[in-house]
$ cat final_25.csv   # CSV, C-alpha atoms
chain,number,residue,atom,x,y,z
H,1,MET,CA,22.1,-14.8,-26.1
H,2,THR,CA,25.1,-17.0,-26.8
H,3,THR,CA,28.7,-15.9,-26.8
H,4,ILE,CA,31.3,-18.0,-28.6
H,5,ALA,CA,34.8,-17.3,-27.5
H,6,THR,CA,37.6,-17.6,-30.1
H,7,ALA,CA,41.3,-17.2,-29.4
H,8,ARG,CA,41.3,-13.4,-29.5
H,9,ASN,CA,37.7,-12.3,-29.9
H,10,LYS,CA,34.1,-13.5,-29.6
H,11,VAL,CA,30.9,-14.0,-31.6
H,12,VAL,CA,27.6,-13.0,-30.1
H,13,THR,CA,24.4,-14.5,-31.4
H,14,ASP,CA,20.8,-15.5,-30.6
H,15,ASP,CA,19.6,-18.9,-31.7
H,16,PRO,CA,17.1,-18.6,-34.5
H,17,GLU,CA,13.4,-18.8,-33.5
H,18,ALA,CA,10.5,-20.2,-35.4
H,19,GLY,CA,9.5,-16.8,-36.8
H,20,ASP,CA,12.9,-15.7,-38.0
H,21,VAL,CA,13.2,-15.2,-41.7
H,22,MET,CA,16.6,-13.6,-42.3
H,23,VAL,CA,20.1,-13.3,-40.8
H,24,TYR,CA,23.0,-11.0,-41.1
H,25,ILE,CA,26.4,-10.5,-39.5
H,26,GLY,CA,27.3,-7.2,-38.0
H,27,TRP,CA,30.5,-5.7,-36.6
H,28,THR,CA,32.2,-2.4,-36.1
H,29,GLY,CA,35.1,-1.0,-38.1
H,30,PRO,CA,37.4,2.0,-38.2
H,31,THR,CA,36.6,5.4,-39.7
H,32,ASP,CA,38.9,8.4,-40.6
H,33,ASP,CA,38.5,9.5,-36.9
H,34,PRO,CA,40.2,6.9,-34.6
H,35,ARG,CA,37.8,7.8,-31.8
H,36,VAL,CA,34.8,6.8,-33.9
H,37,ARG,CA,33.7,3.3,-35.0
H,38,ARG,CA,31.2,2.6,-37.8
H,39,ALA,CA,28.7,-0.2,-38.0
H,40,ILE,CA,29.3,-2.7,-40.9
H,41,SER,CA,27.1,-5.6,-41.8
H,42,THR,CA,26.7,-8.3,-44.5
H,43,ARG,CA,23.7,-8.4,-46.7
H,44,TYR,CA,20.6,-10.0,-45.4
H,45,LEU,CA,20.5,-13.7,-46.1
H,46,PRO,CA,17.7,-16.3,-45.7
H,47,ILE,CA,17.5,-17.8,-42.2
H,48,SER,CA,18.5,-21.1,-43.8
H,49,ALA,CA,22.0,-19.6,-44.0
H,50,TYR,CA,22.2,-19.1,-40.2
H,51,GLN,CA,24.7,-21.9,-39.6
H,52,GLU,CA,26.9,-20.8,-42.5
H,53,CYS,CA,26.9,-17.2,-41.2
H,54,LEU,CA,27.8,-18.4,-37.7
H,55,ASP,CA,30.6,-20.6,-39.0
H,56,TRP,CA,32.0,-17.7,-41.1
H,57,ALA,CA,31.8,-15.3,-38.2
H,58,VAL,CA,33.7,-17.7,-35.8
H,59,ALA,CA,36.3,-18.4,-38.5
H,60,ILE,CA,37.0,-14.7,-39.1
H,61,ALA,CA,36.5,-13.3,-35.6
H,62,ASP,CA,40.2,-13.5,-34.6
H,63,GLN,CA,41.1,-11.2,-37.5
H,64,MET,CA,38.7,-8.5,-36.2
H,65,SER,CA,39.3,-6.0,-33.4
H,66,HIS,CA,35.7,-6.1,-32.0
H,67,PRO,CA,33.1,-8.8,-31.6
H,68,LEU,CA,31.0,-10.0,-34.4
H,69,TYR,CA,27.2,-10.4,-34.1
H,70,VAL,CA,25.1,-13.0,-36.0
H,71,VAL,CA,21.6,-11.5,-35.9
H,72,PRO,CA,18.5,-13.5,-36.9
H,73,ILE,CA,15.5,-11.3,-37.6
H,74,ASN,CA,11.8,-11.9,-38.0
H,75,HIS,CA,8.9,-10.1,-39.6
H,76,ASP,CA,8.3,-7.8,-36.6
H,77,ASP,CA,11.9,-6.6,-36.9
H,78,ILE,CA,11.3,-5.9,-40.5
H,79,LEU,CA,8.0,-4.2,-40.2
H,80,HIS,CA,8.3,-2.3,-36.9
H,81,THR,CA,11.8,-0.8,-37.2
H,82,GLY,CA,13.4,1.7,-39.5
H,83,ARG,CA,15.7,-1.0,-40.8
H,84,TRP,CA,13.8,-1.3,-44.1
H,85,THR,CA,12.9,2.4,-44.6
H,86,PRO,CA,15.6,3.0,-47.2
H,87,TYR,CA,14.2,0.2,-49.3
H,88,ALA,CA,10.6,1.5,-49.0
H,89,ASP,CA,11.8,5.0,-49.8
H,90,MET,CA,13.6,3.7,-53.0
H,91,LEU,CA,10.4,1.8,-54.0
H,92,ALA,CA,8.4,5.0,-53.6
H,93,THR,CA,10.5,6.7,-56.2
H,94,LEU,CA,9.9,4.2,-58.9
H,95,THR,CA,7.9,5.2,-62.0
H,96,ASP,CA,4.9,3.2,-63.1
H,97,GLN,CA,6.9,1.4,-65.7
H,98,GLU,CA,9.7,0.5,-63.2
H,99,ARG,CA,7.1,-0.8,-60.7
H,100,GLY,CA,5.5,-2.9,-63.5
H,101,GLU,CA,8.9,-4.4,-64.4
H,102,LEU,CA,9.6,-5.1,-60.8
H,103,ARG,CA,6.2,-6.8,-60.5
H,104,GLN,CA,6.9,-9.0,-63.5
H,105,THR,CA,10.3,-10.0,-62.1
H,106,ALA,CA,8.7,-11.0,-58.8
H,107,ILE,CA,6.0,-13.0,-60.7
H,108,ALA,CA,8.5,-14.8,-62.9
H,109,THR,CA,10.7,-15.5,-59.9
H,110,CYS,CA,7.8,-17.0,-57.9
H,111,CYS,CA,6.8,-19.1,-60.8
H,112,GLU,CA,10.3,-20.5,-61.2
H,113,ILE,CA,10.3,-21.3,-57.5
H,114,MET,CA,7.0,-23.1,-57.7
H,115,ARG,CA,8.4,-25.1,-60.7
H,116,ASP,CA,11.9,-25.8,-59.5
H,117,CYS,CA,12.2,-25.7,-55.7
H,118,ASP,CA,12.3,-29.0,-53.8
H,119,GLU,CA,11.2,-27.4,-50.5
H,120,TRP,CA,7.4,-27.5,-50.1
H,121,HIS,CA,7.3,-24.5,-47.6
H,122,VAL,CA,9.3,-22.3,-50.1
H,123,ARG,CA,6.8,-23.3,-52.9
H,124,ALA,CA,3.9,-22.5,-50.5
H,125,ASN,CA,5.3,-19.0,-49.8
H,126,ALA,CA,5.7,-18.4,-53.5
H,127,HIS,CA,2.1,-19.5,-54.1
H,128,ASP,CA,1.0,-17.1,-51.3
H,129,ILE,CA,2.8,-14.2,-52.9
H,130,LEU,CA,1.3,-15.0,-56.3
H,131,THR,CA,-2.1,-15.1,-54.7
H,132,GLN,CA,-1.5,-11.7,-53.0
H,133,LEU,CA,-0.4,-10.3,-56.4
H,134,LYS,CA,-3.7,-11.6,-57.9
H,135,VAL,CA,-1.9,-13.8,-60.4
H,136,ILE,CA,-3.5,-16.9,-58.9
H,137,HIS,CA,-7.3,-16.7,-58.3
H,138,HIS,CA,-9.2,-19.2,-56.1
H,139,ASP,CA,-12.5,-19.3,-57.8
$ encode --input "final_25.csv" --output "structure tokens"
Amino acid sequence: MTTIATARNKVVTDDPEAGDVMVYIGWTGPTDDPRVRRAISTRYLPISAYQECLDWAVAIADQMSHPLYVVPINHDDILHTGRWTPYADMLATLTDQERGELRQTAIATCCEIMRDCDEWHVRANAHDILTQLKVIHHD
């Protein structure tokens, strides 16, 4: 764990590891009750945005009353914690038509990635997803 001291605050982070796929910034903020703090975080971003997130957290840390945390996460964090349960619950409520529309959006997005992305590993991931969705068959 690395702690970066700023003039009035600090940013706490772990260096990204090989299996990390996403990153977010977390901090605490006030509520209506001054004795209670609430957890706040940015949206999840691809791990490629780690340095950008770290730079932003360091730049804004002195404006915050508590430390900021830049948190890289991997597949185990996603699959074995309750962090993604709200998303799974939302997906479970979709109708057949909504699931079909979401599938078509995922397929179109992966096809665009395979066509337009310059990074081979991102294209390979899109190919794997299309194979799992049985859009690409290896016969």
$ closest_residue --input "final_25.csv" --among "H:Arg99, H:His80, H:Lys10, H:Arg123" --to "Trp27 in chain H" --atoms "all atoms listed in the file"
H:Lys10
$ residues_around --input "final_25.csv" --residues "Arg37 in chain H" --least-positions-apart "4" --cutoff "12 Å" --atoms "only C-alpha atoms" --output "number ranges by chain"
H: 27-33, 65-66
$ atom_distance --input "final_25.csv" --atom1 "CA of Ala108 in chain H" --atom2 "CA of Leu130 in chain H"
9.8 Å
$ closest_residue --input "final_25.csv" --among "H:Ala57, H:Val70, H:Ile47, H:Ile40" --to "Asp14 in chain H" --atoms "all atoms listed in the file"
H:Val70
$ closest_residue --input "final_25.csv" --among "H:Thr42, H:Thr109, H:Gln63, H:Ser48" --to "Asn9 in chain H" --atoms "all atoms listed in the file"
H:Gln63
$ closest_residue --input "final_25.csv" --among "H:Ala126, H:Ala5, H:Val135, H:Val21" --to "Met114 in chain H" --atoms "all atoms listed in the file"
H:Ala126
$ atom_distance --input "final_25.csv" --atom1 "CA of Lys134 in chain H" --atom2 "CA of Gly100 in chain H"
13.8 Å
$ atom_distance --input "final_25.csv" --atom1 "CA of Arg115 in chain H" --atom2 "CA of Asp128 in chain H"
14.4 Å
$ residues_around --input "final_25.csv" --residues "Ala59 in chain H" --least-positions-apart "6" --cutoff "10 Å" --atoms "only C-alpha atoms" --output "NGL selection string"
:H and (6 or 11 or 53)
